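Just run_21.cif here, mmCIF, N, CA and C atoms and all ligand atoms:
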```cif
data_coords
#
loop_
_atom_site.label_atom_id
_atom_site.label_comp_id
_atom_site.auth_asym_id
_atom_site.auth_seq_id
_atom_site.Cartn_x
_atom_site.Cartn_y
_atom_site.Cartn_z
N MET A 1 0.85 -1.20 0.00
CA MET A 1 0.00 0.00 0.00
C MET A 1 0.88 1.25 0.00
N PRO A 2 0.64 2.15 -0.92
CA PRO A 2 1.50 3.34 -0.96
C PRO A 2 1.22 4.27 0.22
N THR A 3 2.23 5.00 0.59
CA THR A 3 2.08 5.97 1.66
C THR A 3 2.07 7.37 1.05
N TYR A 4 1.07 8.13 1.40
CA TYR A 4 0.97 9.49 0.92
C TYR A 4 1.22 10.47 2.06
N SER A 5 1.79 11.60 1.69
CA SER A 5 2.02 12.64 2.68
C SER A 5 1.05 13.79 2.44
N TYR A 6 0.45 14.22 3.51
CA TYR A 6 -0.51 15.32 3.41
C TYR A 6 -0.11 16.42 4.38
N ILE A 7 -0.52 17.64 4.04
CA ILE A 7 -0.29 18.76 4.96
C ILE A 7 -1.46 19.73 4.81
N ALA A 8 -1.75 20.44 5.89
CA ALA A 8 -2.88 21.36 5.88
C ALA A 8 -2.67 22.44 4.83
N GLU A 9 -3.76 22.80 4.14
CA GLU A 9 -3.65 23.88 3.17
C GLU A 9 -3.37 25.20 3.88
N LYS A 10 -3.93 25.32 5.06
CA LYS A 10 -3.65 26.49 5.88
C LYS A 10 -3.09 26.00 7.21
N PRO A 11 -1.79 25.84 7.26
CA PRO A 11 -1.17 25.23 8.46
C PRO A 11 -1.54 25.94 9.75
N GLU A 12 -1.81 27.24 9.67
CA GLU A 12 -2.12 27.97 10.90
C GLU A 12 -3.48 27.57 11.46
N GLU A 13 -4.29 26.92 10.62
CA GLU A 13 -5.62 26.51 11.09
C GLU A 13 -5.71 25.02 11.39
N GLY A 14 -4.70 24.29 11.03
CA GLY A 14 -4.75 22.84 11.18
C GLY A 14 -4.53 22.38 12.61
N CYS A 15 -4.79 21.10 12.82
CA CYS A 15 -4.50 20.50 14.12
C CYS A 15 -3.00 20.18 14.17
N PRO A 16 -2.49 19.81 15.33
CA PRO A 16 -1.04 19.53 15.44
C PRO A 16 -0.56 18.49 14.44
N SER A 17 -1.46 17.64 13.99
CA SER A 17 -1.05 16.59 13.06
C SER A 17 -0.87 17.12 11.64
N CYS A 18 -1.90 17.76 11.11
CA CYS A 18 -1.83 18.16 9.70
C CYS A 18 -1.06 19.48 9.54
N ARG A 19 -0.90 20.21 10.63
CA ARG A 19 -0.14 21.45 10.55
C ARG A 19 1.30 21.16 10.12
N LYS A 20 1.83 20.05 10.64
CA LYS A 20 3.21 19.70 10.32
C LYS A 20 3.28 18.67 9.21
N GLY A 21 2.14 18.17 8.81
CA GLY A 21 2.14 17.14 7.78
C GLY A 21 2.11 15.76 8.39
N PHE A 22 1.44 14.84 7.71
CA PHE A 22 1.37 13.48 8.21
C PHE A 22 1.36 12.52 7.03
N ASP A 23 1.72 11.30 7.31
CA ASP A 23 1.72 10.27 6.28
C ASP A 23 0.53 9.36 6.47
N LEU A 24 -0.02 8.91 5.38
CA LEU A 24 -1.16 8.02 5.47
C LEU A 24 -1.01 6.93 4.43
N ARG A 25 -1.16 5.71 4.91
CA ARG A 25 -1.17 4.60 3.96
C ARG A 25 -2.58 4.46 3.42
N ARG A 26 -2.68 4.30 2.13
CA ARG A 26 -3.98 4.34 1.51
C ARG A 26 -3.93 3.54 0.22
N PRO A 27 -4.95 2.72 0.01
CA PRO A 27 -4.97 1.96 -1.26
C PRO A 27 -5.03 2.92 -2.44
N MET A 28 -4.36 2.56 -3.53
CA MET A 28 -4.34 3.43 -4.69
C MET A 28 -5.73 3.60 -5.30
N THR A 29 -6.62 2.68 -4.99
CA THR A 29 -7.96 2.75 -5.57
C THR A 29 -8.83 3.79 -4.88
N ARG A 30 -8.41 4.18 -3.67
CA ARG A 30 -9.20 5.18 -2.96
C ARG A 30 -8.87 6.57 -3.48
N PRO A 31 -9.84 7.46 -3.51
CA PRO A 31 -9.54 8.84 -3.94
C PRO A 31 -8.63 9.54 -2.94
N ALA A 32 -7.94 10.54 -3.42
CA ALA A 32 -7.02 11.27 -2.55
C ALA A 32 -7.76 11.91 -1.40
N LEU A 33 -7.09 11.93 -0.29
CA LEU A 33 -7.68 12.55 0.89
C LEU A 33 -7.77 14.06 0.68
N THR A 34 -8.89 14.63 1.03
CA THR A 34 -9.02 16.08 0.85
C THR A 34 -9.15 16.81 2.18
N HIS A 35 -9.49 16.04 3.21
CA HIS A 35 -9.64 16.68 4.52
C HIS A 35 -8.91 15.87 5.58
N CYS A 36 -8.36 16.57 6.56
CA CYS A 36 -7.68 15.90 7.65
C CYS A 36 -8.67 15.02 8.41
N PRO A 37 -8.30 13.75 8.64
CA PRO A 37 -9.22 12.85 9.35
C PRO A 37 -9.42 13.27 10.81
N LEU A 38 -8.55 14.08 11.33
CA LEU A 38 -8.66 14.48 12.73
C LEU A 38 -9.46 15.76 12.91
N CYS A 39 -9.13 16.79 12.15
CA CYS A 39 -9.79 18.08 12.39
C CYS A 39 -10.68 18.51 11.23
N ARG A 40 -10.69 17.71 10.15
CA ARG A 40 -11.58 17.99 9.01
C ARG A 40 -11.24 19.26 8.25
N ARG A 41 -10.04 19.76 8.44
CA ARG A 41 -9.62 20.92 7.66
C ARG A 41 -9.12 20.43 6.30
N PRO A 42 -9.17 21.29 5.30
CA PRO A 42 -8.66 20.88 3.98
C PRO A 42 -7.16 20.58 4.04
N VAL A 43 -6.79 19.49 3.41
CA VAL A 43 -5.37 19.15 3.31
C VAL A 43 -5.02 18.94 1.84
N LYS A 44 -3.76 19.06 1.56
CA LYS A 44 -3.30 18.80 0.20
C LYS A 44 -2.23 17.72 0.24
N LYS A 45 -2.15 17.00 -0.84
CA LYS A 45 -1.16 15.93 -0.93
C LYS A 45 0.18 16.53 -1.29
N LEU A 46 1.19 16.05 -0.62
CA LEU A 46 2.53 16.53 -0.92
C LEU A 46 3.12 15.69 -2.04
N PRO A 47 3.99 16.29 -2.82
CA PRO A 47 4.64 15.53 -3.90
C PRO A 47 5.42 14.36 -3.32
N ALA A 48 5.47 13.27 -4.05
CA ALA A 48 6.18 12.09 -3.58
C ALA A 48 7.63 12.45 -3.30
N GLY A 49 8.13 11.91 -2.22
CA GLY A 49 9.53 12.16 -1.89
C GLY A 49 9.74 13.41 -1.07
N PHE A 50 8.66 14.14 -0.85
CA PHE A 50 8.78 15.34 -0.03
C PHE A 50 9.00 14.92 1.42
N ASN A 51 9.98 15.48 2.05
CA ASN A 51 10.26 15.11 3.43
C ASN A 51 9.53 16.04 4.37
N THR A 52 8.53 15.52 5.05
CA THR A 52 7.82 16.33 6.02
C THR A 52 8.53 16.26 7.35
N PRO A 53 8.58 17.37 8.03
CA PRO A 53 9.17 17.33 9.37
C PRO A 53 8.31 16.48 10.28
N LYS A 54 8.91 15.50 10.90
CA LYS A 54 8.15 14.58 11.74
C LYS A 54 8.49 14.81 13.20
N VAL A 55 7.47 14.91 14.01
CA VAL A 55 7.72 15.03 15.43
C VAL A 55 7.89 13.66 16.05
N THR A 56 7.23 12.68 15.46
CA THR A 56 7.28 11.34 16.04
C THR A 56 8.55 10.59 15.64
N LYS A 57 9.07 10.92 14.48
CA LYS A 57 10.25 10.20 14.01
C LYS A 57 11.28 11.20 13.54
N PRO A 58 12.09 11.72 14.43
CA PRO A 58 13.06 12.73 14.04
C PRO A 58 14.10 12.18 13.08
N LEU A 59 14.49 13.00 12.16
CA LEU A 59 15.54 12.61 11.23
C LEU A 59 16.88 12.59 11.97
N SER A 60 17.68 11.64 11.63
CA SER A 60 19.03 11.68 12.15
C SER A 60 19.79 12.75 11.38
N ILE A 61 20.85 13.22 11.97
CA ILE A 61 21.62 14.27 11.31
C ILE A 61 22.14 13.78 9.96
N THR A 62 22.54 12.52 9.93
CA THR A 62 23.04 11.95 8.67
C THR A 62 21.95 11.97 7.61
N ASP A 63 20.74 11.56 8.00
CA ASP A 63 19.63 11.55 7.05
C ASP A 63 19.32 12.97 6.57
N ALA A 64 19.32 13.89 7.50
CA ALA A 64 19.01 15.27 7.15
C ALA A 64 20.04 15.83 6.18
N LYS A 65 21.29 15.53 6.41
CA LYS A 65 22.33 16.01 5.51
C LYS A 65 22.18 15.37 4.14
N ALA A 66 21.84 14.07 4.15
CA ALA A 66 21.66 13.37 2.88
C ALA A 66 20.49 13.96 2.11
N ALA A 67 19.51 14.46 2.83
CA ALA A 67 18.34 15.04 2.19
C ALA A 67 18.58 16.49 1.77
N GLY A 68 19.77 16.98 2.04
CA GLY A 68 20.10 18.32 1.57
C GLY A 68 19.90 19.42 2.58
N PHE A 69 19.62 19.04 3.82
CA PHE A 69 19.45 20.07 4.84
C PHE A 69 20.81 20.52 5.36
N THR A 70 20.87 21.77 5.70
CA THR A 70 22.07 22.28 6.32
C THR A 70 21.90 22.22 7.82
N ILE A 71 22.81 21.53 8.46
CA ILE A 71 22.71 21.39 9.91
C ILE A 71 23.54 22.49 10.57
N LEU A 72 22.90 23.25 11.37
CA LEU A 72 23.59 24.33 12.06
C LEU A 72 23.60 24.06 13.55
N GLU A 73 24.72 24.32 14.12
CA GLU A 73 24.79 24.19 15.57
C GLU A 73 24.94 25.59 16.12
N LYS A 74 23.97 26.00 16.88
CA LYS A 74 24.01 27.35 17.41
C LYS A 74 24.26 27.30 18.91
N ARG A 75 24.83 28.35 19.39
CA ARG A 75 25.06 28.43 20.81
C ARG A 75 24.51 29.77 21.27
N VAL A 76 23.51 29.69 22.11
CA VAL A 76 22.92 30.91 22.65
C VAL A 76 23.00 30.85 24.17
N ASP A 77 23.70 31.79 24.72
CA ASP A 77 23.85 31.84 26.17
C ASP A 77 24.35 30.52 26.74
N GLY A 78 25.26 29.89 26.00
CA GLY A 78 25.86 28.67 26.49
C GLY A 78 25.03 27.43 26.26
N ASN A 79 23.83 27.58 25.73
CA ASN A 79 23.00 26.42 25.47
C ASN A 79 23.11 25.99 24.02
N TYR A 80 23.15 24.69 23.85
CA TYR A 80 23.16 24.17 22.48
C TYR A 80 21.73 23.98 22.01
N GLU A 81 21.51 24.43 20.81
CA GLU A 81 20.20 24.19 20.23
C GLU A 81 20.18 22.76 19.73
N ARG A 82 19.03 22.13 19.90
CA ARG A 82 18.89 20.76 19.41
C ARG A 82 19.06 20.70 17.92
N LEU A 83 19.82 19.75 17.45
CA LEU A 83 20.06 19.64 16.02
C LEU A 83 18.91 18.91 15.35
ZN ZN B 1 -5.84 18.20 11.14
#
```
Would it be possible to restate this file's structure as structure tokens?
Ligand SMILES: [Zn+2]
Amino acid sequence: MPTYSYIAEKPEEGCPSCRKGFDLRRPMTRPALTHCPLCRRPVKKLPAGFNTPKVTKPLSITDAKAAGFTILEKRVDGNYERL
């Protein structure tokens, strides 16, 4: 079953799930999801291969670099920002 990524059309109005984007496994025969199953706000399908920021499954730094992200390590008042 293919996995599709969706994100709220208006992230500022979405629930915590669709605001950041979520993945959904769905049979190809089913029509594309148009509304978030949790908050019923309009969602749009993300292009395949789009990497959504996941709160449940954080990217490792290696994965993030491989995906083209620039990893910055900042130091503010002696505190390290989480990478
Ligand atoms: Zn939602």
Just the residues within 7 Å of segment 40-48 of chain A, please, counting all atoms listed in the file, with nothing from its chain fewer than 5 positions along; format it as a PyMOL selection string.
chain A and resi 4-10+13-15+33-35
Residue contacts of Pro11 of chain A (6.5 Å, only N, CA and C atoms) excluding same-chain residues fewer than 5 positions away, as a PyMOL selection string = chain A and resi 18-20
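For the pair atom N of Cys39 of chain A and atom CA of Ser60 of chain A, the interatomic distance is 28.6 Å.
If you look at atom CA of Met28 of chain A and atom CA of Thr3 of chain A, they are 9.4 Å away from each other.
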Quick one: 8 Å padding each side, axis-aligned, all listed atoms of segment 17-32 of chain A - centre and edge lengths in Å to one decimal, as AutoDock Vina command-line options?
```
--center_x -3.3 --center_y 11.7 --center_z 4.2 --size_x 29.1 --size_y 35.5 --size_z 35.6
```
The residue from A:Ala67, A:Pro31, A:Phe22, A:Ser17 with the smallest atom-to-atom distance to ligand ZN 1 (chain B), counting all atoms listed in the file, is A:Ser17
